[in-house]
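Colleague: My structure is below; once you've seen it, I'll send some questions.
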Amino acid sequence: MMKRINPTAKKQKKNREILLVTWIFSLLFLSMAGYIAYYSVTHQQELINNSYNGRQKMLLAQNRRGKIYSADGEVLAHTIVDDEGEEKREYPYGNLFSHAVGYASNGRLGVEAQANYYLINSNAPLSEKASLDIRNEKYPGDDVYTTLDVKMQQVAGSALGVYDGAVLVTEPKTGKILAMVSRPDFDPGQIGEIWEELINDDESSVLLNRVTQGLYPPGSTFKIITALEYIRENPDTYQNYHYQCSGAITRGEDRIQCYHGSVHGSVDFTRSFAKSCNTSFANIGLSLDRKSFADTLDSLLFGQKLPVSFHYGISRVDVSEDILDGDMMQISIGQGTTSVTPLQLNMITCAIANEGTLMQPYLVDYVQNSAGGKVKEFLPVSHGRLMSQEEAGILKGLMTDVVEEGTASRLKGLSYTAAGKTGSAEYGTVKGDSHAWFTGFAPAQDPQVCVTIIIEGAGAGGDYAVPIAKRLFDAYFDAQ
């Protein structure tokens with residue numbers, strides 16, 4: 001006997017299915033709407049800064065772009081209005097802050113890009129806005145105060161001279177950037193006039209901020225990292241290390257020589273670092289566990305996003321368990337495929353100076369409205385530990401010996417103590433061509449300031465980069 005289907009029950013089942021689907025789609029719609037609303041609130045700056053967002057034009061039609069100041073109150077960028085009522089961005093220091101402050105036309109760069117949201121918004125008092133409305137004038141955009149120090153920037157620019165390269169000066173305990181110089185540079189006030197020439201020149205790198213985006217072989221400054229890994233693998237015996245330097249070390253067809261053919265003789269771990277002995281560090285590199293070394297590089301943020309709010313290059317070191325001995329020797333002395341930005345090397349140096357803790361580097365200190373009220377303040381933020389306090393202390397001692405007994409002796413015997421590491425990084429196909437590096441801090445016992453310098457194609461770091469570091473340290477402590 002066939003079972004009869006109740007039409008009413010069938011209809012009810014169908015209605016329940018339709019209702020279920022309706023509820024599912026309604027829930028999905030509400031979830032998407034909620035997410036969009038949440039994203040709009042939490043990512044307001046990103047949305048407004050997007051070049052496709054017409055809100056920017058509306059704000060600029062209503063508000064005059066705010067000023068950018070140095071930490072000591074000097075105007076670094078402001079908007080002037082000519083007799084025809086046309087607005088033009090003016091940069092009183094010309095080329096000096098070209099990459100740090102940047103420009104706001106033909107795209108944006110530097111603080112002009114990073115703080116664009118604040119500069120084009122106005123939190124002026126309502127009474128001031130009402131008065132401007134009556135006169136049919138624009139509201140004043142909020143002003144941005146940076147961490148940059150004009151004196152330190154001037155010393156850095158002057159010391160770099162005619163060389164291309166980069167100089168970065170920071171406070172290791174706060175992360176504040178005091179000076180950021182990249183060469184070659186440009187006049188941001190003339191960016192409209194020189195734009196076509198710059199973008200049509202395939203060989204030009206003028207717009208590249210070498211401090212944050214320049215990728216270089218680190219040379220012997222990388223021995224800081226090789227030393228850290230050796231200490232981590234040999235915490236109780238690293239001081240027992242000894243090596244007989246004959247000026248060269250060979251593995252198969254690969255050969256490493258000490259800089260300028262130096263022969264250092266019998267060296268321990270400290271002297272190997274102080275004298276920057278390539279053959280000893282190549283020997284150390286061969287003894288390292290490669291997986292552990294790769295983990296250390298990860299902990300130092302190589303190949304990773306950096307905790308900064310401006311554009312930067314990704315530093316890379318390719319270490320794996322199957323890497324060849326010849327490549328490992330090159331990496332151990334900062335050569336081969338190793339590439340690092342001055343920014344990242346400075347961050348690692350700051351972590352050493354700050355007992356292993358990295359403070360996030362930053363350029364914008366606070367935002368202020370036209371009446372002097374603070375709209376937003378940016379406080380120092382810890383990124384966390386890159387190394388233990390004990391490891392940082394050992395590295396600080398090694399870097400102090402570089403000044404006292406090694407390649408940075410031009411910083412010895414001054415009114416302050418200093419610590420650091422020099423580097424002479426070979427590049428290109430011409431033997432002997434090298435970039436000059438220095439990274440370090442002062443005072444050695446209680447670091448207040450950190451400097452990282454690269455001079456392209458200059459030669460030895462001890463001869464060219466260290467004197468610049470001395471001028472920067474002198475300027476910093478003269479101002480105290």
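Going by the structure tokens order, chains are called A, B, ..., each with residues numbered from 1, while ligands are numbered from 1 in the order shown.
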Name the residues in contact with Asn63 in chain A at a cut-off of 7 Å, using only C-alpha atoms, excluding same-chain residues fewer than 5 positions from it; report them as a PyMOL selection string.
Modeller: chain A and resi 120-122+138-141
Colleague: Could you save those same residues with N, CA and C atoms as a PDB file, in the first residue's frame?
Modeller:
ATOM      1  N   ILE A 120      45.807  66.952   6.704  1.00  0.00           N
ATOM      2  CA  ILE A 120      44.691  67.429   5.882  1.00  0.00           C
ATOM      3  C   ILE A 120      43.393  67.545   6.674  1.00  0.00           C
ATOM      4  N   ASN A 121      43.430  67.152   7.950  1.00  0.00           N
ATOM      5  CA  ASN A 121      42.265  67.337   8.813  1.00  0.00           C
ATOM      6  C   ASN A 121      42.469  68.562   9.698  1.00  0.00           C
ATOM      7  N   SER A 122      41.395  69.143  10.156  1.00  0.00           N
ATOM      8  CA  SER A 122      41.475  70.325  11.011  1.00  0.00           C
ATOM      9  C   SER A 122      40.662  70.128  12.277  1.00  0.00           C
ATOM     10  N   LYS A 138      39.943  78.954   4.209  1.00  0.00           N
ATOM     11  CA  LYS A 138      40.103  77.561   4.615  1.00  0.00           C
ATOM     12  C   LYS A 138      40.463  77.455   6.096  1.00  0.00           C
ATOM     13  N   TYR A 139      40.124  76.287   6.658  1.00  0.00           N
ATOM     14  CA  TYR A 139      40.518  75.993   8.031  1.00  0.00           C
ATOM     15  C   TYR A 139      42.002  75.586   8.050  1.00  0.00           C
ATOM     16  N   PRO A 140      42.704  75.878   9.148  1.00  0.00           N
ATOM     17  CA  PRO A 140      44.104  75.431   9.251  1.00  0.00           C
ATOM     18  C   PRO A 140      44.179  73.944   9.568  1.00  0.00           C
ATOM     19  N   GLY A 141      44.931  73.198   8.776  1.00  0.00           N
ATOM     20  CA  GLY A 141      45.125  71.780   9.064  1.00  0.00           C
ATOM     21  C   GLY A 141      45.936  71.611  10.327  1.00  0.00           C
TER      22      GLY A 141
END
Colleague: Give me the residues near Tyr216 in chain A as JSON, numbers by chain, where near means some atom within 9 Å (using only C-alpha atoms) and where sequence neighbours in that chain fewer than 4 positions away do not count.
Modeller: {"A": [315, 338, 339, 340, 341, 342, 425, 427, 435, 454]}
Colleague: Now that the selection is made, can you save its residues with N, CA and C atoms as a PDB file, in the first residue's frame?
Modeller:
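Okay, result.pdb is ready:
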ATOM      1  N   SER A 315      65.322  43.222   4.778  1.00  0.00           N
ATOM      2  CA  SER A 315      66.680  42.676   4.878  1.00  0.00           C
ATOM      3  C   SER A 315      66.620  41.152   4.792  1.00  0.00           C
ATOM      4  N   THR A 338      74.045  38.319   1.494  1.00  0.00           N
ATOM      5  CA  THR A 338      73.511  39.045   2.641  1.00  0.00           C
ATOM      6  C   THR A 338      73.210  40.495   2.271  1.00  0.00           C
ATOM      7  N   SER A 339      72.011  40.978   2.628  1.00  0.00           N
ATOM      8  CA  SER A 339      71.667  42.384   2.377  1.00  0.00           C
ATOM      9  C   SER A 339      70.856  42.922   3.548  1.00  0.00           C
ATOM     10  N   VAL A 340      71.155  44.146   3.943  1.00  0.00           N
ATOM     11  CA  VAL A 340      70.522  44.737   5.114  1.00  0.00           C
ATOM     12  C   VAL A 340      70.299  46.221   4.881  1.00  0.00           C
ATOM     13  N   THR A 341      69.242  46.762   5.469  1.00  0.00           N
ATOM     14  CA  THR A 341      69.021  48.204   5.431  1.00  0.00           C
ATOM     15  C   THR A 341      69.720  48.842   6.632  1.00  0.00           C
ATOM     16  N   PRO A 342      70.185  50.083   6.490  1.00  0.00           N
ATOM     17  CA  PRO A 342      70.725  50.789   7.661  1.00  0.00           C
ATOM     18  C   PRO A 342      69.720  50.843   8.809  1.00  0.00           C
ATOM     19  N   ALA A 425      82.337  46.723   3.454  1.00  0.00           N
ATOM     20  CA  ALA A 425      81.546  45.735   2.708  1.00  0.00           C
ATOM     21  C   ALA A 425      81.866  45.784   1.231  1.00  0.00           C
ATOM     22  N   TYR A 427      81.582  45.098  -2.714  1.00  0.00           N
ATOM     23  CA  TYR A 427      80.433  45.016  -3.618  1.00  0.00           C
ATOM     24  C   TYR A 427      80.944  45.053  -5.056  1.00  0.00           C
ATOM     25  N   HIS A 435      81.919  49.541   0.648  1.00  0.00           N
ATOM     26  CA  HIS A 435      81.173  50.553   1.384  1.00  0.00           C
ATOM     27  C   HIS A 435      81.736  50.637   2.801  1.00  0.00           C
ATOM     28  N   ILE A 454      76.408  54.448   6.589  1.00  0.00           N
ATOM     29  CA  ILE A 454      77.024  53.777   5.454  1.00  0.00           C
ATOM     30  C   ILE A 454      77.415  54.843   4.438  1.00  0.00           C
TER      31      ILE A 454
END
Colleague: Check range 70-254 of chain A with DSSP on the backbone and list each residue it calls strand (DSSP E), as a ChimeraX atom specification.
Modeller: /A:75-81,87-90,139-140,143-146,165-170,177-183,242-245,248-251,254
Colleague: Give me the range 141-247 of chain A side of the contact with range 470-473 of chain A, cut-off 10 Å, one line per residue showing its nearest atom pair and distance in Å at one decimal, counting only C-alpha atoms, sorted by chain and residue number, as JSON lines.
Modeller:
{"residue": "A:Lys151", "atom": "CA", "partner": "A:Leu472", "partner_atom": "CA", "distance": 9.6}
{"residue": "A:Met152", "atom": "CA", "partner": "A:Leu472", "partner_atom": "CA", "distance": 6.8}
{"residue": "A:Gln153", "atom": "CA", "partner": "A:Leu472", "partner_atom": "CA", "distance": 9.2}
{"residue": "A:Gln154", "atom": "CA", "partner": "A:Leu472", "partner_atom": "CA", "distance": 9.8}
{"residue": "A:Val155", "atom": "CA", "partner": "A:Leu472", "partner_atom": "CA", "distance": 6.5}
{"residue": "A:Ala156", "atom": "CA", "partner": "A:Leu472", "partner_atom": "CA", "distance": 6.7}
{"residue": "A:Ser158", "atom": "CA", "partner": "A:Arg471", "partner_atom": "CA", "distance": 9.8}
{"residue": "A:Ala159", "atom": "CA", "partner": "A:Arg471", "partner_atom": "CA", "distance": 7.3}
{"residue": "A:Val167", "atom": "CA", "partner": "A:Leu472", "partner_atom": "CA", "distance": 9.8}
{"residue": "A:Val169", "atom": "CA", "partner": "A:Leu472", "partner_atom": "CA", "distance": 8.2}
{"residue": "A:Ala179", "atom": "CA", "partner": "A:Leu472", "partner_atom": "CA", "distance": 9.8}
Colleague: Selection from above, C-alpha atoms, as a JSON list (two decimals), in the first residue's frame, can you write it?
Modeller:
[["chain", "number", "residue", "atom", "x", "y", "z"],
["A", 151, "LYS", "CA", 71.21, 70.33, 14.61],
["A", 152, "MET", "CA", 71.75, 66.58, 14.40],
["A", 153, "GLN", "CA", 70.34, 66.54, 10.86],
["A", 154, "GLN", "CA", 72.66, 69.37, 9.82],
["A", 155, "VAL", "CA", 75.71, 67.63, 11.30],
["A", 156, "ALA", "CA", 74.76, 64.35, 9.62],
["A", 158, "SER", "CA", 77.47, 68.03, 6.49],
["A", 159, "ALA", "CA", 79.54, 65.04, 7.66],
["A", 167, "VAL", "CA", 72.98, 58.29, 8.26],
["A", 169, "VAL", "CA", 70.55, 58.75, 14.55],
["A", 179, "ALA", "CA", 68.27, 62.44, 12.21]]
Colleague: Enumerate as a PyMOL selection string all residues of range 252-370 of chain A assigned to helix (DSSP H, G or I) by DSSP on the backbone, naming them with the chain letters and numbers the document uses.
Modeller: chain A and resi 259-261+269-274+278-287+290-299+325-332+342-353
Colleague: Quick one, how far is CA of Ser272 in chain A from CA of Gly393 in chain A?
Modeller: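 Separation of CA of Ser272 in chain A and CA of Gly393 in chain A: 17.6 Å.
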Colleague: If we count only C-alpha atoms, what is near Val367 in chain A at a cut-off of 7 Å, once residues fewer than 5 positions away on the same chain are taken out, given as a PyMOL selection string?
Modeller: chain A and resi 142-145+374-377
Colleague: Set the distance at 9 Å and use only C-alpha atoms: which residues neighbour Leu228 in chain A once local chain neighbours fewer than 2 positions away are removed? I'd like the list as a PDB file with N, CA and C atoms, in the first residue's frame.
Modeller:
ATOM      1  N   LYS A 223      79.103  40.828  11.796  1.00  0.00           N
ATOM      2  CA  LYS A 223      79.769  39.976  12.786  1.00  0.00           C
ATOM      3  C   LYS A 223      79.114  40.100  14.160  1.00  0.00           C
ATOM      4  N   ILE A 224      78.361  41.183  14.376  1.00  0.00           N
ATOM      5  CA  ILE A 224      77.559  41.300  15.594  1.00  0.00           C
ATOM      6  C   ILE A 224      76.601  40.114  15.686  1.00  0.00           C
ATOM      7  N   ILE A 225      75.974  39.783  14.558  1.00  0.00           N
ATOM      8  CA  ILE A 225      74.971  38.716  14.529  1.00  0.00           C
ATOM      9  C   ILE A 225      75.634  37.340  14.576  1.00  0.00           C
ATOM     10  N   THR A 226      76.742  37.193  13.844  1.00  0.00           N
ATOM     11  CA  THR A 226      77.493  35.931  13.898  1.00  0.00           C
ATOM     12  C   THR A 226      77.985  35.670  15.317  1.00  0.00           C
ATOM     13  N   TYR A 230      77.084  32.546  17.913  1.00  0.00           N
ATOM     14  CA  TYR A 230      78.130  31.722  18.532  1.00  0.00           C
ATOM     15  C   TYR A 230      77.966  31.711  20.052  1.00  0.00           C
ATOM     16  N   ILE A 231      77.624  32.856  20.632  1.00  0.00           N
ATOM     17  CA  ILE A 231      77.399  32.945  22.078  1.00  0.00           C
ATOM     18  C   ILE A 231      76.199  32.082  22.478  1.00  0.00           C
ATOM     19  N   ARG A 232      75.148  32.112  21.665  1.00  0.00           N
ATOM     20  CA  ARG A 232      73.954  31.314  21.982  1.00  0.00           C
ATOM     21  C   ARG A 232      74.243  29.812  21.924  1.00  0.00           C
ATOM     22  N   GLU A 233      75.094  29.408  21.016  1.00  0.00           N
ATOM     23  CA  GLU A 233      75.406  27.987  20.891  1.00  0.00           C
ATOM     24  C   GLU A 233      76.469  27.538  21.896  1.00  0.00           C
ATOM     25  N   THR A 296      67.903  32.459  14.768  1.00  0.00           N
ATOM     26  CA  THR A 296      68.395  33.728  15.310  1.00  0.00           C
ATOM     27  C   THR A 296      68.099  34.877  14.352  1.00  0.00           C
ATOM     28  N   MET A 387      66.942  39.840  22.155  1.00  0.00           N
ATOM     29  CA  MET A 387      67.976  39.000  22.779  1.00  0.00           C
ATOM     30  C   MET A 387      67.862  39.164  24.285  1.00  0.00           C
ATOM     31  N   GLU A 391      72.945  38.445  26.873  1.00  0.00           N
ATOM     32  CA  GLU A 391      73.515  38.466  25.520  1.00  0.00           C
ATOM     33  C   GLU A 391      73.821  39.901  25.084  1.00  0.00           C
ATOM     34  N   ALA A 392      72.910  40.822  25.360  1.00  0.00           N
ATOM     35  CA  ALA A 392      73.134  42.226  25.012  1.00  0.00           C
ATOM     36  C   ALA A 392      74.357  42.776  25.740  1.00  0.00           C
ATOM     37  N   ILE A 394      77.013  41.086  26.760  1.00  0.00           N
ATOM     38  CA  ILE A 394      78.240  40.534  26.154  1.00  0.00           C
ATOM     39  C   ILE A 394      78.572  41.271  24.872  1.00  0.00           C
ATOM     40  N   LEU A 395      77.557  41.484  24.026  1.00  0.00           N
ATOM     41  CA  LEU A 395      77.789  42.196  22.762  1.00  0.00           C
ATOM     42  C   LEU A 395      78.220  43.635  23.010  1.00  0.00           C
TER      43      LEU A 395
END
